[in-house]
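Asks: Provided herewith is a single structure, encoded as structure tokens, for subsequent inquiry.
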Amino acid sequence: MGAEKDPEYLSTLERGLKVLRAFDATRPEMALSEVAAATALPPAVARRCLNTLVALGYVRQDGRRFLLTPEVLAFGTAYLSSMNIETVAVPPLQALAADTGDSVSLAVRSGREILYVCHIPSNRRIRLGAGVGTRFPLHATSMGKVLLSYSGEAVIEEFLAAGPLARLTERTLTDPASFRARLALVRERQYDSALDELDYGIVSVAVPVRDAGGQVVAAINCSTSTTRISQDELVRTRLPLLQEAAAAIAAELRRTPLLARSLAR
């Protein structure tokens with residue numbers, strides 16, 4: 001049953017959340033007209049949502065402009081604390097980061113993007129920063145291709161039919177046939193490696209994380225600068241370590257089924 005046909009579905013809540021999610025690094029503050037355009041909501045509806053969020057303390061109004069307040073962090077903090085992410089994922093990822101000097105992350109699929117749930121940064125600066133809550137396009141990331149490759153053919157075809165794959169660099173896969181072939185290769189070798197696909201100068205390798213039933217619920221990766229290491233060397237040296245970390249997280253997920261259910265789509 002579609003959400004629009006479910007009598008328990010609150011469209012007003014959907015609209016309010018849509019307004020909150022419209023703010024990002026490219027739109028840190030907006031006027032009412034900009035919020036309406038970003039959310040595709042009628043201006044009167046966007047105004048009511050903003051006024052409600054201002055009253056609740058999640059949005060601040062500064063003249064004709066609106067911006068988020070730190071109160072919105074309560075949502076992310078509640079998830080991280082209630083699901084014991086710090087206990088389950090952080091120790092093996094920290095050990096992996098310490099062994100490699102890479103940035104190490106755990107992500108799940110969120111629509112057409114990956115969503116970082118855990119991130120251990122390296123001391124080396126790269127062009128694209130990341131952290132918990134960061135989103136990147138599925139098709140341009142090693143974790144994204146890992147997650148999508150195990151989602152089933154119907155989901156893959158739906159993903160490709162939803163719109164063209166944006167070209168972020170000259171190496172970004174945008175041809176549907178080539179992308180399908182890449183996903184088949186990911187399933188065959190059980191990892192993906194991306195070089196200059198999301199941005200120039202970034203190389204990564206990712207593997208799946210499975211729950212007790214064998215379902216892929218997340219992916220983890222090592223990511224670093226191409227000036228440090230070649231793609232072949234990254235795969236050769238990091239893949240065994242990533243597989244060990246994924247196995248350690250999977251073992252913890254068996255002991256924390258609540259988190260496993262939360263991660264699963």
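So you can find residues: chains in the structure tokens are A, B, ... in the order shown, residues in each start at 1, and ligands are numbered from 1 in order.
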As number ranges by chain, list the residues of segment 47-250 of chain A assigned to strand (DSSP E) by DSSP on the backbone atoms of this structure.

Replies: A: 59-62, 65-68, 103-110, 113-120, 135-137, 192-195, 202-210, 216-225

Asks: Could you build a table of the residues in segment 160-256 of chain A lying no more than 9 Å from segment 147-154 of chain A, giving for each the nearest pair of atoms and their separation in Å rounded to one decimal place, using only C-alpha atoms, ordered by chain and ascending residue number, as CSV?

Replies:
```
residue,atom,partner,partner_atom,distance
A:Arg180,CA,A:Ser149,CA,8.6
A:Arg182,CA,A:Ser149,CA,8.6
A:Leu183,CA,A:Ser149,CA,4.9
A:Ala184,CA,A:Ser149,CA,6.9
A:Leu185,CA,A:Ser149,CA,8.8
A:Val186,CA,A:Ser149,CA,6.6
A:Arg187,CA,A:Ser149,CA,6.3
A:Val207,CA,A:Leu147,CA,8.9
A:Pro208,CA,A:Leu147,CA,7.0
A:Gln215,CA,A:Tyr150,CA,8.4
A:Val216,CA,A:Tyr150,CA,6.7
A:Val217,CA,A:Leu147,CA,7.8
A:Ala218,CA,A:Leu147,CA,6.7
A:Ala219,CA,A:Leu147,CA,6.5
```

Asks: For the residues selected in the previous step, produce a file with N, CA and C atoms as a compact mmCIF listing (two decimals), in the first residue's frame.

Replies:
```
# COMPACT_ATOMS: atom_id res chain seq x y z
N ARG A 180 25.63 -1.66 -14.79
CA ARG A 180 25.13 -3.00 -14.47
C ARG A 180 26.28 -4.00 -14.42
N ARG A 182 29.38 -3.40 -13.79
CA ARG A 182 30.20 -3.13 -12.61
C ARG A 182 29.56 -3.76 -11.37
N LEU A 183 28.25 -3.64 -11.22
CA LEU A 183 27.57 -4.22 -10.07
C LEU A 183 27.67 -5.75 -10.08
N ALA A 184 27.59 -6.34 -11.27
CA ALA A 184 27.76 -7.80 -11.36
C ALA A 184 29.15 -8.21 -10.92
N LEU A 185 30.16 -7.41 -11.28
CA LEU A 185 31.53 -7.68 -10.86
C LEU A 185 31.67 -7.54 -9.35
N VAL A 186 31.00 -6.57 -8.77
CA VAL A 186 31.03 -6.40 -7.31
C VAL A 186 30.49 -7.64 -6.62
N ARG A 187 29.37 -8.16 -7.10
CA ARG A 187 28.80 -9.36 -6.49
C ARG A 187 29.73 -10.56 -6.66
N VAL A 207 33.68 -3.16 1.27
CA VAL A 207 33.15 -4.52 1.35
C VAL A 207 31.80 -4.48 2.06
N PRO A 208 30.97 -5.51 1.85
CA PRO A 208 29.66 -5.55 2.53
C PRO A 208 29.77 -5.98 3.97
N GLN A 215 22.03 -11.13 5.05
CA GLN A 215 21.62 -9.97 4.28
C GLN A 215 22.63 -8.84 4.43
N VAL A 216 22.96 -8.20 3.33
CA VAL A 216 23.87 -7.05 3.37
C VAL A 216 23.10 -5.85 3.92
N VAL A 217 23.54 -5.35 5.07
CA VAL A 217 22.84 -4.23 5.72
C VAL A 217 23.66 -2.95 5.72
N ALA A 218 24.94 -3.05 5.40
CA ALA A 218 25.81 -1.86 5.42
C ALA A 218 27.06 -2.18 4.60
N ALA A 219 27.89 -1.19 4.47
CA ALA A 219 29.20 -1.38 3.82
C ALA A 219 30.22 -0.58 4.59
```

Asks: Find the residues around segment 10-20 of chain A up to 12 Å (only C-alpha atoms counted), leave out those fewer than 4 positions away in its own chain, and share them as a PyMOL selection string.

Replies: chain A and resi 3-6+24+27-54+56-60+66-69+71-73+75

Asks: List the spatial neighbours of segment 85-88 of chain A as a PyMOL selection string - criterion: any atom at most 12 Å away, only C-alpha atoms, same-chain residues fewer than 6 positions off excluded.

Replies: chain A and resi 76-79+94+106-107+116-120+132+245-260+262-263

Asks: For the residues selected in the previous step, produce a file with C-alpha atoms as a short mmCIF file (atom, residue, chain, number, x, y, z; two decimals), in the first residue's frame.

Replies:
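The new file result_35.cif reads:
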```
data_model
loop_
_atom_site.label_atom_id
_atom_site.label_comp_id
_atom_site.auth_asym_id
_atom_site.auth_seq_id
_atom_site.Cartn_x
_atom_site.Cartn_y
_atom_site.Cartn_z
CA GLY A 76 21.07 11.89 15.27
CA THR A 77 22.32 11.62 18.84
CA ALA A 78 19.25 9.63 19.83
CA TYR A 79 19.89 7.13 17.05
CA GLN A 94 39.27 2.61 14.70
CA LEU A 106 30.40 2.58 7.62
CA ALA A 107 27.43 3.56 5.47
CA TYR A 116 27.50 7.70 6.69
CA VAL A 117 26.57 6.13 10.03
CA CYS A 118 30.11 5.94 11.40
CA HIS A 119 33.30 7.68 10.24
CA ILE A 120 36.88 7.59 11.49
CA VAL A 132 28.40 11.02 10.38
CA ALA A 245 36.59 -5.65 10.25
CA ALA A 246 33.34 -6.51 8.44
CA ALA A 247 33.35 -9.95 10.07
CA ALA A 248 33.91 -8.36 13.49
CA ILE A 249 31.00 -5.96 12.97
CA ALA A 250 28.81 -8.79 11.71
CA ALA A 251 29.60 -10.77 14.87
CA GLU A 252 28.57 -7.79 17.00
CA LEU A 253 25.36 -7.40 14.98
CA ARG A 254 24.43 -10.97 15.90
CA ARG A 255 24.63 -9.89 19.52
CA THR A 256 22.72 -6.65 18.89
CA PRO A 257 19.76 -7.63 16.70
CA LEU A 258 18.07 -4.28 17.32
CA LEU A 259 20.83 -2.48 15.45
CA ALA A 260 20.80 -5.10 12.70
CA SER A 262 17.59 -0.82 12.19
CA LEU A 263 20.26 -0.99 9.47
#
```

Asks: Provide the atom CA of Ser193 of chain A to atom CA of Pro91 of chain A distance in Å, to one decimal place.

Replies: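 Atom CA of Pro91 of chain A lies at a distance of 23.3 Å from atom CA of Ser193 of chain A.
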